[in-house]
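Heads up: the structure comes next, in structure tokens.
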Amino acid sequence: MKFGPRPPEEAEGCILAHRTALPDRVLKKGRILSARDCADLAAQGISSLMVACLDPEDLGEDGAATRIAHAARGAGVECDTAFTGRMNLYAEANGVLAVDAEAVTAANRIDPAITFATLANHSKVQAGRMVATAKIISFGLSKTSVQQAEDVLRGAVRVAAFRPRKVGLVATQLPHLKPATMDKTRRVLEDRLRASRSTVLAELRVAHEEDAVAEAIGKLIAEGADFLILFGASAVVDRMDVLPTALERAGGTVEHLGMPVDPGNLLMLGALGETPVLGAPGCARSPKENGFDWVLDRLLAGIPVTPNDITAMGVGGLLMEIGTRPQPRETKPRKDNPKIAAVILGAGKSTRMGGPNKLLAELAGKALIRHVAEAATGAGLDQTVLVTGHLAEEIADKVADLNLQLAHNPDYAEGMAGSIGTGMNALDKDIDAVIILLGDMPRIDAQVIESLVGAYRKNEASLIVSATANGKRGNPVLWDRRFFDALKSLTGDIGARHLIAENPGFVCEVEIGEAARLDLDTPEALRSAGGVIPRQNPGQ
């Protein structure tokens with residue numbers, strides 16, 4: 001191909017390089033100039049045009065893009081029509097993109113005019129998603145270069161369609177793991193399976209013991225499960241831990257333990273005959289993308305995953321955009337006097353109370369919300385924020401004389417997560433840790449708060465400090481600032497319990513007794529604690 005200036009009289013059959021206006025029409029870039037075009041251009045006094053003239057051994061940009069794209073097109077991929085030197089490739093079904101990366105790199109090195117780009121290898125894609133594009137930079141390309149690209153790219157881009165699976169779920173239990181957390185874990189897993197039309201055939205909740213897990217595995221296989229997922233109440237930290245040992249006891253094999261993806265390090269890959277088995281890391285209890293998704297999606301699409309595949313995931317495996325873990329992971333030196341704040345959640349509608357706002361109930365001569373507010377403001381903290389929502393003015397009136405800051409959550413009806421985010425956004429920029437308190441916990445006093453702060457200050461690895469009642473986790477919970485982004489990004493009517501489950505190595509527990517789990521959500525519970533239910537409030 002020859003590219004450069006030519007007089008109109010010599011440009012017939014050439015490709016116009018730049019848009020050019022004539023009195024009666026516009027000649028667009030890429031137009032093949034006709035005899036009339038050239039005559040009209042000359043009549044306008046145009047003496048020179050930038051054009052591309054193809055040689056006999058050249059292909060035009062659309063023809064070259066078409067041939068290259070069709071050569072690269074593998075199973076599960078469709079092409080559209082080439083236009084201005086570009087042809088796009090699309091997924092035909094939900095699945096996982098599989099790309100021959102070496103072939104794509106080799107094709108892009110044949111000629112600078114050839115560009116072939118794809119989504120990241122092993123991306124999860126939906127039907128109709130563009131997965132690759134072939135773009136020819138110049139107006140033409142030699143047939144030799146096109147042929148070389150075709151040979152290199154043959155079938156390099158395919159989409160492995162998801163295969164519906166009947167998933168057997170084994171979930172182990174320990175005293176610290178609440179049933180509600182296990183319920184949420186199943187819902188999150190079902191959401192992950194939806195794109196592949198896979199379903200949870202059955203869930204077996206068993207003791208965190210080798211024999212119990214092995215027996216559950218056998219039962220699920222007998223019931224027809226063709227995929228197994230194991231959620232341990234405690235993370236797998238060793239080859240001889242409960243889940244890997246149980247899998248082998250059931251007749252399976254452990255193929256790999258651990259992966260260089262964070263979050264997702266503590267994943268177990270195994271098999272029982274032809275049945276894939278995944279030991280889920282704790283972060284898989286969260287709906288946010290993590291290393292578990294990378295392996296699960298490939299297996300659901302029928303793409304084998306080997307230890308070599310997993311150990312190659314390290315580059316790009318630090319998922320910085322995921323806020324469920326402190327960033328970076330190493331423990332940083334802590335300030336000598338870290339600034340600590342409290343966020344009190346007082347925005348809810350008290351739905352289970354059946355009408356009145358429980359935070360306005362009287363207990364020991366003062367409103368329920370005031371008990372917690374006095375505890376926070378009396379504990380020597382650097383800042384206290386009270387999040388209001390339902391009956392905000394009435395709530396604020398009960399604490400008007402206290403040294404605290406009000407933050408209103410207009411979307412309080414959508415759930416707890418929004419109130420947590422509202423409180424977090426109201427914190428001073430230099431706050432190093434925050435204690436999140438529920439507004440209906442009157443037995444929490446300043447001494448309890450000081451004990452949590454003391455545990456935090458004592459150990460730099462204690463990034464989460466949770467109050468417990470007889471060994472069971474409750475409230476309040478102190479969070480280091482490395483979790484602030486995760487707390488701000490919560491959604492729906494959930495708290496932050498899954499963050500604790502995903503980060504066991506950073507958790508410190510402080511026993512405070514029954515005060516950590518006192519629940520005053522119902523009229524009966526409030527009366528039992530000695531409270532007086534308020535009258536129906538205006539605006540309810």
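All residue names refer to the structure tokens as shown: chains lettered A, B, ... in order, residues numbered from 1 in each chain, ligands numbered from 1 in order.
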Report task. Just the helix (DSSP H, G or I) stuff from segment 118-344 of chain A, please, per backbone DSSP, written as JSON, numbers by chain. Result -> {"A": [143, 144, 145, 146, 147, 148, 149, 150, 151, 152, 153, 179, 180, 181, 182, 183, 184, 185, 186, 187, 188, 189, 190, 191, 192, 193, 194, 210, 211, 212, 213, 214, 215, 216, 217, 218, 219, 220, 221, 222, 242, 243, 244, 245, 246, 247, 248, 249, 282, 283, 284, 285, 291, 292, 293, 294, 295, 296, 297, 298, 299, 300, 307, 308, 309, 310, 311]}
Would you pick out the contacts of His208 of chain A at 10 Å or less, using only C-alpha atoms, so that residues sharing its chain but fewer than 5 positions from it are not included, and give the list as a PDB file with C-alpha atoms, in the first residue's frame?
```pdb
ATOM      1  CA  ALA A 171     -21.172 -26.296  55.891  1.00  0.00           C
ATOM      2  CA  THR A 172     -19.441 -26.993  59.177  1.00  0.00           C
ATOM      3  CA  GLN A 173     -20.502 -25.488  62.477  1.00  0.00           C
ATOM      4  CA  LEU A 174     -18.676 -24.068  65.482  1.00  0.00           C
ATOM      5  CA  VAL A 213     -17.668 -33.870  56.846  1.00  0.00           C
ATOM      6  CA  PHE A 231     -17.575 -24.137  53.720  1.00  0.00           C
ATOM      7  CA  GLY A 232     -15.606 -24.577  56.912  1.00  0.00           C
ATOM      8  CA  ALA A 233     -16.533 -22.722  60.079  1.00  0.00           C
ATOM      9  CA  SER A 234     -12.785 -22.351  60.449  1.00  0.00           C
ATOM     10  CA  VAL A 242     -10.401 -30.845  58.795  1.00  0.00           C
ATOM     11  CA  LEU A 243     -11.672 -30.261  55.243  1.00  0.00           C
TER      12      LEU A 243
END
```
Query - Backbone-only DSSP, strand (DSSP E or B) members of segment 234-331 of chain A, as number ranges by chain - result: A: 253-257, 262, 268-272, 275-280, 318
Writing out the chosen residues with C-alpha atoms as a compact mmCIF listing (two decimals), in the first residue's frame:
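Saved to out_13.txt:
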```
# COMPACT_ATOMS: atom_id res chain seq x y z
CA THR A 253 -8.06 -36.21 46.51
CA VAL A 254 -6.72 -32.79 47.43
CA GLU A 255 -5.15 -31.33 44.29
CA HIS A 256 -3.99 -27.99 45.66
CA LEU A 257 -4.23 -25.90 48.80
CA ASP A 262 -6.06 -11.97 47.84
CA MET A 268 -8.79 -25.84 48.52
CA LEU A 269 -9.04 -27.54 45.11
CA GLY A 270 -9.90 -31.22 45.04
CA ALA A 271 -11.94 -33.93 43.36
CA LEU A 272 -13.93 -37.01 44.19
CA THR A 275 -16.77 -34.54 40.80
CA PRO A 276 -14.98 -31.21 41.43
CA VAL A 277 -14.63 -30.25 45.09
CA LEU A 278 -13.91 -26.74 46.29
CA GLY A 279 -13.05 -25.82 49.84
CA ALA A 280 -14.20 -22.21 50.02
CA LEU A 318 -3.98 -8.59 44.53
```
Report task. Extract, using only C-alpha atoms, all DNA, RNA and protein residues at most 10 Å from Arg481 of chain A, discarding same-chain residues fewer than 2 positions from it, and format them as JSON, numbers by chain. Result -> {"A": [326, 327, 340, 430, 431, 432, 433, 434, 463, 464, 478, 479, 483, 484, 485, 486, 487]}
Go ahead and save the residues from that selection, with N, CA and C atoms, as a PDB file, in the first residue's frame.
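Result went into part.pdb, see below:
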```
ATOM      1  N   PRO A 326      -8.071  -5.417  55.106  1.00  0.00           N
ATOM      2  CA  PRO A 326      -7.253  -4.222  55.256  1.00  0.00           C
ATOM      3  C   PRO A 326      -6.264  -4.117  54.112  1.00  0.00           C
ATOM      4  N   GLN A 327      -6.015  -2.907  53.631  1.00  0.00           N
ATOM      5  CA  GLN A 327      -5.111  -2.696  52.526  1.00  0.00           C
ATOM      6  C   GLN A 327      -3.998  -1.738  52.967  1.00  0.00           C
ATOM      7  N   ILE A 340      -9.823   7.518  68.223  1.00  0.00           N
ATOM      8  CA  ILE A 340     -10.890   6.519  68.153  1.00  0.00           C
ATOM      9  C   ILE A 340     -12.239   7.215  68.296  1.00  0.00           C
ATOM     10  N   ASP A 430      -9.009  12.195  60.399  1.00  0.00           N
ATOM     11  CA  ASP A 430      -7.847  11.636  61.093  1.00  0.00           C
ATOM     12  C   ASP A 430      -8.210  10.546  62.098  1.00  0.00           C
ATOM     13  N   ILE A 431      -9.457  10.038  62.049  1.00  0.00           N
ATOM     14  CA  ILE A 431      -9.857   8.952  62.950  1.00  0.00           C
ATOM     15  C   ILE A 431      -9.161   7.657  62.529  1.00  0.00           C
ATOM     16  N   ASP A 432      -8.614   6.932  63.520  1.00  0.00           N
ATOM     17  CA  ASP A 432      -7.859   5.708  63.238  1.00  0.00           C
ATOM     18  C   ASP A 432      -8.674   4.432  63.454  1.00  0.00           C
ATOM     19  N   ALA A 433      -9.712   4.503  64.263  1.00  0.00           N
ATOM     20  CA  ALA A 433     -10.538   3.322  64.526  1.00  0.00           C
ATOM     21  C   ALA A 433     -11.921   3.804  64.957  1.00  0.00           C
ATOM     22  N   VAL A 434     -12.921   2.952  64.755  1.00  0.00           N
ATOM     23  CA  VAL A 434     -14.283   3.323  65.112  1.00  0.00           C
ATOM     24  C   VAL A 434     -14.962   2.155  65.824  1.00  0.00           C
ATOM     25  N   LEU A 463      -7.004  -5.737  64.597  1.00  0.00           N
ATOM     26  CA  LEU A 463      -7.647  -4.736  63.752  1.00  0.00           C
ATOM     27  C   LEU A 463      -9.163  -4.746  63.909  1.00  0.00           C
ATOM     28  N   ILE A 464      -9.715  -5.822  64.462  1.00  0.00           N
ATOM     29  CA  ILE A 464     -11.141  -5.913  64.775  1.00  0.00           C
ATOM     30  C   ILE A 464     -11.246  -6.397  66.216  1.00  0.00           C
ATOM     31  N   LEU A 478     -15.168  -2.912  67.427  1.00  0.00           N
ATOM     32  CA  LEU A 478     -14.230  -1.853  67.046  1.00  0.00           C
ATOM     33  C   LEU A 478     -13.532  -2.250  65.749  1.00  0.00           C
ATOM     34  N   TRP A 479     -13.396  -1.280  64.831  1.00  0.00           N
ATOM     35  CA  TRP A 479     -12.800  -1.535  63.511  1.00  0.00           C
ATOM     36  C   TRP A 479     -11.643  -0.573  63.267  1.00  0.00           C
ATOM     37  N   PHE A 483     -10.467  -1.013  57.567  1.00  0.00           N
ATOM     38  CA  PHE A 483     -11.752  -1.567  57.160  1.00  0.00           C
ATOM     39  C   PHE A 483     -12.783  -0.478  56.851  1.00  0.00           C
ATOM     40  N   PHE A 484     -12.367   0.775  56.893  1.00  0.00           N
ATOM     41  CA  PHE A 484     -13.344   1.855  56.704  1.00  0.00           C
ATOM     42  C   PHE A 484     -14.006   1.793  55.329  1.00  0.00           C
ATOM     43  N   ASP A 485     -13.219   1.534  54.279  1.00  0.00           N
ATOM     44  CA  ASP A 485     -13.804   1.473  52.938  1.00  0.00           C
ATOM     45  C   ASP A 485     -14.821   0.332  52.841  1.00  0.00           C
ATOM     46  N   ALA A 486     -14.501  -0.802  53.466  1.00  0.00           N
ATOM     47  CA  ALA A 486     -15.428  -1.936  53.435  1.00  0.00           C
ATOM     48  C   ALA A 486     -16.719  -1.591  54.169  1.00  0.00           C
ATOM     49  N   LEU A 487     -16.623  -0.899  55.284  1.00  0.00           N
ATOM     50  CA  LEU A 487     -17.813  -0.519  56.043  1.00  0.00           C
ATOM     51  C   LEU A 487     -18.663   0.479  55.258  1.00  0.00           C
TER      52      LEU A 487
END
```
Query raised in the report: What is the distance, in Å and to one decimal place, between atom CA of Thr311 of chain A and atom CA of Ala101 of chain A?
Result: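 Atom CA of Thr311 of chain A sits 17.1 Å away from atom CA of Ala101 of chain A.
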